[in-house]
Protein chains: 2
Amino acid sequence: MTELEKGPQGRRRGRGARERILGASQKLFRDQGINQTGMDQLCAVAQVSKRTAYQHFAGKDELVAEYLRRFDPDVMSAVFDRTDLTPRERLLAAFDLPRTATQDDITPLCPFIAASVEIPDPQHPARQRAHDYKKAVAARLAETAREAGATNPEELGEQLALLLDGASARNRALNTETFPTAAAIAAVLIDNAIPAPAQ
Amino acid sequence: MTELEKGPQGRRRGRGARERILGASQKLFRDQGINQTGMDQLCAVAQVSKRTAYQHFAGKDELVAEYLRRFDPDVMSAVFDRTDLTPRERLLAAFDLPRTATQDDITPLCPFIAASVEIPDPQHPARQRAHDYKKAVAARLAETAREAGATNPEELGEQLALLLDGASARNRALNTETFPTAAAIAAVLIDNAIPAPAQ
DNA sequence: AGTTATGTATACCGATCTGTGTTCTTAACG
DNA sequence: CGTTAAGAACACAGATCGGTATACATAACT
């Protein structure tokens with residue numbers, strides 16, 4: 001995901017500052033949280049001068065907003081745009097994605113939930129982005145639920161979105177993988193929401 | 001819940017420092033978050049000298065841990081210890097409690113989830129307390145599920161606990177009341193988990 | 001009444017935070 | 001080659017953080 005330290009004849013490190021900053025943000029914000037990551041450390045990891053960082057971003061707030069804007073811009077297309085699965089299978093696959101997308105043994109906390117908790121101001125651009133993203137996920141789930149023939153697609157979309165967020169939050173609090181539990185609930189809800197399962 | 005500024009002949013403010021500190025913590029940590037609340041502000045709101053605060057608590061970390069220890073020490077007894085409800089009704093009432101327990105128009109974020117996100121160190125006493133509390137809630141749900149005649153009470157308890165956390169996290173991200181959605185899911189799960197509903 | 005507990009007031013410490021000013025270097029492009 | 005823009009290095013400002021030291025006040029208990 002990061003294409004650093006290469007290029008035609010091996011540039012040392014200059015000329016890609018903005019991308020390196022965002023790459024370091026992704027790693028550090030995920031591992032340490034937003035508030036626990038100072039700009040000094042972030043610039044050190046990104047191998048970027050502090051001055052340069054503030055020429056690319058007006059402030060830390062804007063950097064955080066851009067970090068979230070870059071995160072999964074097309075909303076879970078890795079599962080929703082799959083054509084080899086039926087709509088019903090796609091809905092269930094949404095609960096496997098967080099496990100396969102990371103090489104961690106436990107699924108890390110959703111960065112949008114993290115930002116929503118770490119940033120108190122609801123008007124902060126990062127909070128807005130988190131809001132929009134959560135709505136977008138629910139919308140894609142609802143759309144897929146409609147394709148699957150659910151009687152109330154919007155309701156099912158909201159329900160499945162709640163399961164995803166619940167698993168993420170619970171993963172953090174308990175340090176235990178909870179997505180299988182969420183997937184089991186999802187299977188029940190999906191079966192209950194589709195009137196006549198194709199036989 | 002806070003019994004401040006009263007007493008026999010109207011003490012001004014001395015002599016109840018520890019309780020005032022914990023009361024201020026409850027308000028400020030909830031409204032602003034833990035990391036966004038400084039000890040100076042906290043002592044000002046509690047009308048307590050900073051020196052006194054550090055004579056009662058070894059540090060902010062210990063204060064945060066005690067704040068979470070005081071929060072709902074008997075785990076949701078307001079719903080689980082009700083004798084006027086059937087076990088099934090008690091399970092469903094768990095999704096109304098967060099709404100009735102606060103006078104806010106929207107349910108605030110669960111303080112244990114908040115602490116789990118705000119505090120990076122999993123070994124922090126507050127994180128431990130959050131872990132224990134979440135397990136305790138799931139245990140009470142499982143116990144009640146067993147009373148309700150569920151075939152797999154532990155599984156149902158875990159599922160309902162996940163719904164509670166999902167609603168709380170989603171409330172924060174979307175600024176919308178989500179507990180009704182969680183309650184609807186809970187109703188489906190409960191009905192599916194109890195083999196022969198007493199008729 | 002006198003001792004002791006508890007609390008107040010306030011200045012302060014070192015560390016860390018976000019953000020800036022200044023000067024120098026170097027890669028890219030004509 | 002020479003100009004220009006991007007970046008590096010680094011010191012520094014101002015605020016805030018958690019936590020402490022010192023000196024004083026007062027309520028409670030014997």
# chains A, B, ... in the order shown; residues from 1 in each chain; ligands from 1

call {"tool": "residues_around", "arguments": {"residues": "Leu92 of chain B", "least_positions_apart": "5", "cutoff": "8 Å", "atoms": "only C-alpha atoms (C1' of nucleotides)", "output": "PyMOL selection string"}}
result
chain B and resi 183+186-187

call {"tool": "residues_around", "arguments": {"residues": "DT3 of chain C", "least_positions_apart": "3", "cutoff": "12 Å", "atoms": "only C-alpha atoms (C1' of nucleotides)", "output": "ChimeraX atom specification"}}
result
/D:28-30

call {"tool": "write_last_selection", "arguments": {"atoms": "N, CA and C atoms (P, O5', C5', C4', C3', O3' and C1' of nucleotides)", "output": "PDB file, in the first residue's frame"}}
result
ATOM      1  P    DA D  28     -17.050  19.050  60.778  1.00  0.00           P
ATOM      2  O5'  DA D  28     -16.138  17.985  61.534  1.00  0.00           O
ATOM      3  C5'  DA D  28     -15.398  17.033  60.760  1.00  0.00           C
ATOM      4  C4'  DA D  28     -14.539  16.167  61.656  1.00  0.00           C
ATOM      5  C3'  DA D  28     -15.292  15.525  62.831  1.00  0.00           C
ATOM      6  O3'  DA D  28     -14.957  14.145  62.882  1.00  0.00           O
ATOM      7  C1'  DA D  28     -13.375  16.711  63.607  1.00  0.00           C
ATOM      8  P    DC D  29     -15.718  13.234  63.926  1.00  0.00           P
ATOM      9  O5'  DC D  29     -14.586  13.024  65.041  1.00  0.00           O
ATOM     10  C5'  DC D  29     -13.247  12.715  64.618  1.00  0.00           C
ATOM     11  C4'  DC D  29     -12.368  12.495  65.834  1.00  0.00           C
ATOM     12  C3'  DC D  29     -13.100  11.888  67.028  1.00  0.00           C
ATOM     13  O3'  DC D  29     -12.269  10.922  67.645  1.00  0.00           O
ATOM     14  C1'  DC D  29     -12.127  13.971  67.632  1.00  0.00           C
ATOM     15  P    DT D  30     -12.908  10.019  68.832  1.00  0.00           P
ATOM     16  O5'  DT D  30     -11.997  10.442  70.066  1.00  0.00           O
ATOM     17  C5'  DT D  30     -10.586  10.371  69.923  1.00  0.00           C
ATOM     18  C4'  DT D  30      -9.886  11.234  70.952  1.00  0.00           C
ATOM     19  C3'  DT D  30     -10.234  10.868  72.394  1.00  0.00           C
ATOM     20  O3'  DT D  30      -9.077  10.412  73.065  1.00  0.00           O
ATOM     21  C1'  DT D  30     -10.260  13.234  72.044  1.00  0.00           C
TER      22       DT D  30
END

call {"tool": "select_by_dssp", "arguments": {"residues": "segment 76-192 of chain B", "states": "helix (DSSP H, G or I)", "output": "PyMOL selection string"}}
result
chain B and resi 77-80+87-93+97-101+111-118+125-147+153-174+179-192

call {"tool": "residues_around", "arguments": {"residues": "segment 13-20 of chain D", "least_positions_apart": "3", "cutoff": "12 Å", "atoms": "only C-alpha atoms (C1' of nucleotides)", "output": "ChimeraX atom specification"}}
result
/B:35-41,50-55,57-61 /C:11-21

call {"tool": "write_last_selection", "arguments": {"atoms": "C-alpha atoms (C1' of nucleotides)", "output": "mmCIF file, in the first residue's frame"}}
result
data_model
loop_
_atom_site.group_PDB
_atom_site.id
_atom_site.type_symbol
_atom_site.label_atom_id
_atom_site.label_comp_id
_atom_site.auth_asym_id
_atom_site.auth_seq_id
_atom_site.Cartn_x
_atom_site.Cartn_y
_atom_site.Cartn_z
ATOM 1 C CA ASN B 35 -7.712 12.468 27.575
ATOM 2 C CA GLN B 36 -9.394 15.782 26.896
ATOM 3 C CA THR B 37 -10.004 16.403 30.580
ATOM 4 C CA GLY B 38 -7.040 17.840 32.446
ATOM 5 C CA MET B 39 -6.521 17.522 36.147
ATOM 6 C CA ASP B 40 -6.675 21.292 36.535
ATOM 7 C CA GLN B 41 -10.131 21.541 35.066
ATOM 8 C CA LYS B 50 -5.059 19.875 43.253
ATOM 9 C CA ARG B 51 -2.948 18.845 46.211
ATOM 10 C CA THR B 52 -5.931 17.142 47.764
ATOM 11 C CA ALA B 53 -6.714 15.278 44.580
ATOM 12 C CA TYR B 54 -3.253 13.772 44.517
ATOM 13 C CA GLN B 55 -3.541 12.784 48.164
ATOM 14 C CA PHE B 57 -5.358 9.279 44.078
ATOM 15 C CA ALA B 58 -1.804 8.357 43.235
ATOM 16 C CA GLY B 59 -2.251 9.702 39.737
ATOM 17 C CA LYS B 60 -4.711 10.309 36.972
ATOM 18 C CA ASP B 61 -4.516 6.678 35.912
ATOM 19 C "C1'" DA C 11 3.571 28.848 42.655
ATOM 20 C "C1'" DC C 12 6.238 25.859 40.309
ATOM 21 C "C1'" DC C 13 8.742 21.819 37.658
ATOM 22 C "C1'" DG C 14 9.860 19.181 33.643
ATOM 23 C "C1'" DA C 15 7.918 17.092 29.809
ATOM 24 C "C1'" DT C 16 5.256 17.232 25.813
ATOM 25 C "C1'" DC C 17 2.124 19.259 22.668
ATOM 26 C "C1'" DT C 18 0.984 21.882 18.129
ATOM 27 C "C1'" DG C 19 2.862 24.991 15.204
ATOM 28 C "C1'" DT C 20 6.575 28.507 13.179
ATOM 29 C "C1'" DG C 21 10.906 30.883 11.616
#

call {"tool": "residues_around", "arguments": {"residues": "DT22 of chain C", "least_positions_apart": "6", "cutoff": "12 Å", "atoms": "only C-alpha atoms (C1' of nucleotides)", "output": "ChimeraX atom specification"}}
result
/A:51 /D:9-12

call {"tool": "write_last_selection", "arguments": {"atoms": "C-alpha atoms (C1' of nucleotides)", "output": "PDB file, in the first residue's frame"}}
result
ATOM      1  CA  ARG A  51       8.188  22.055   8.363  1.00  0.00           C
TER       2      ARG A  51
ATOM      3  C1'  DA D   9      17.559  20.358   9.716  1.00  0.00           C
ATOM      4  C1'  DC D  10      16.894  22.576  13.835  1.00  0.00           C
ATOM      5  C1'  DA D  11      15.935  25.848  17.108  1.00  0.00           C
ATOM      6  C1'  DC D  12      12.190  27.867  19.296  1.00  0.00           C
TER       7       DC D  12
END

call {"tool": "residues_around", "arguments": {"residues": "Glu143 of chain A", "least_positions_apart": "4", "cutoff": "7 Å", "atoms": "only C-alpha atoms (C1' of nucleotides)", "output": "ChimeraX atom specification"}}
result
/A:139,147,153

call {"tool": "write_last_selection", "arguments": {"atoms": "C-alpha atoms", "output": "tab-separated table (two decimals), in the first residue's frame"}}
result
chain	number	residue	atom	x	y	z
A	139	ALA	CA	-26.32	1.98	2.29
A	147	GLU	CA	-30.61	-7.54	-4.42
A	153	PRO	CA	-33.57	-3.83	2.82

call {"tool": "atom_distance", "arguments": {"atom1": "atom CA of Val48 of chain A", "atom2": "atom CA of Ile34 of chain A"}}
result
18.4 Å

call {"tool": "interface_residues", "arguments": {"of": "chain D", "to": "chain A", "cutoff": "7 Å", "atoms": "only C-alpha atoms (C1' of nucleotides)", "output": "list of chain:residue names"}}
result
D:DA6, D:DG7, D:DA8

call {"tool": "interface_residues", "arguments": {"of": "chain B", "to": "chain A", "cutoff": "10 Å", "atoms": "only C-alpha atoms", "output": "VMD selection string"}}
result
chain B and resid 31 to 36 109 112 to 122 127 to 135 155 to 156 158 to 175 178 to 179 181 to 182 184 to 186 188 to 189 192

call {"tool": "atom_distance", "arguments": {"atom1": "atom CA of Thr144 of chain B", "atom2": "atom CA of Thr83 of chain B"}}
result
11.9 Å

call {"tool": "closest_atom_pairs", "arguments": {"of": "chain C", "to": "chain B", "cutoff": "8 Å", "atoms": "only C-alpha atoms (C1' of nucleotides)", "output": "Markdown table"}}
result
| residue | atom | partner | partner_atom | distance |
| --- | --- | --- | --- | --- |
| C:DT6 | C1' | B:Arg15 | CA | 6.7 |
| C:DG7 | C1' | B:Gly14 | CA | 6.2 |
| C:DT8 | C1' | B:Ser49 | CA | 6.0 |
| C:DA9 | C1' | B:Ser49 | CA | 7.7 |
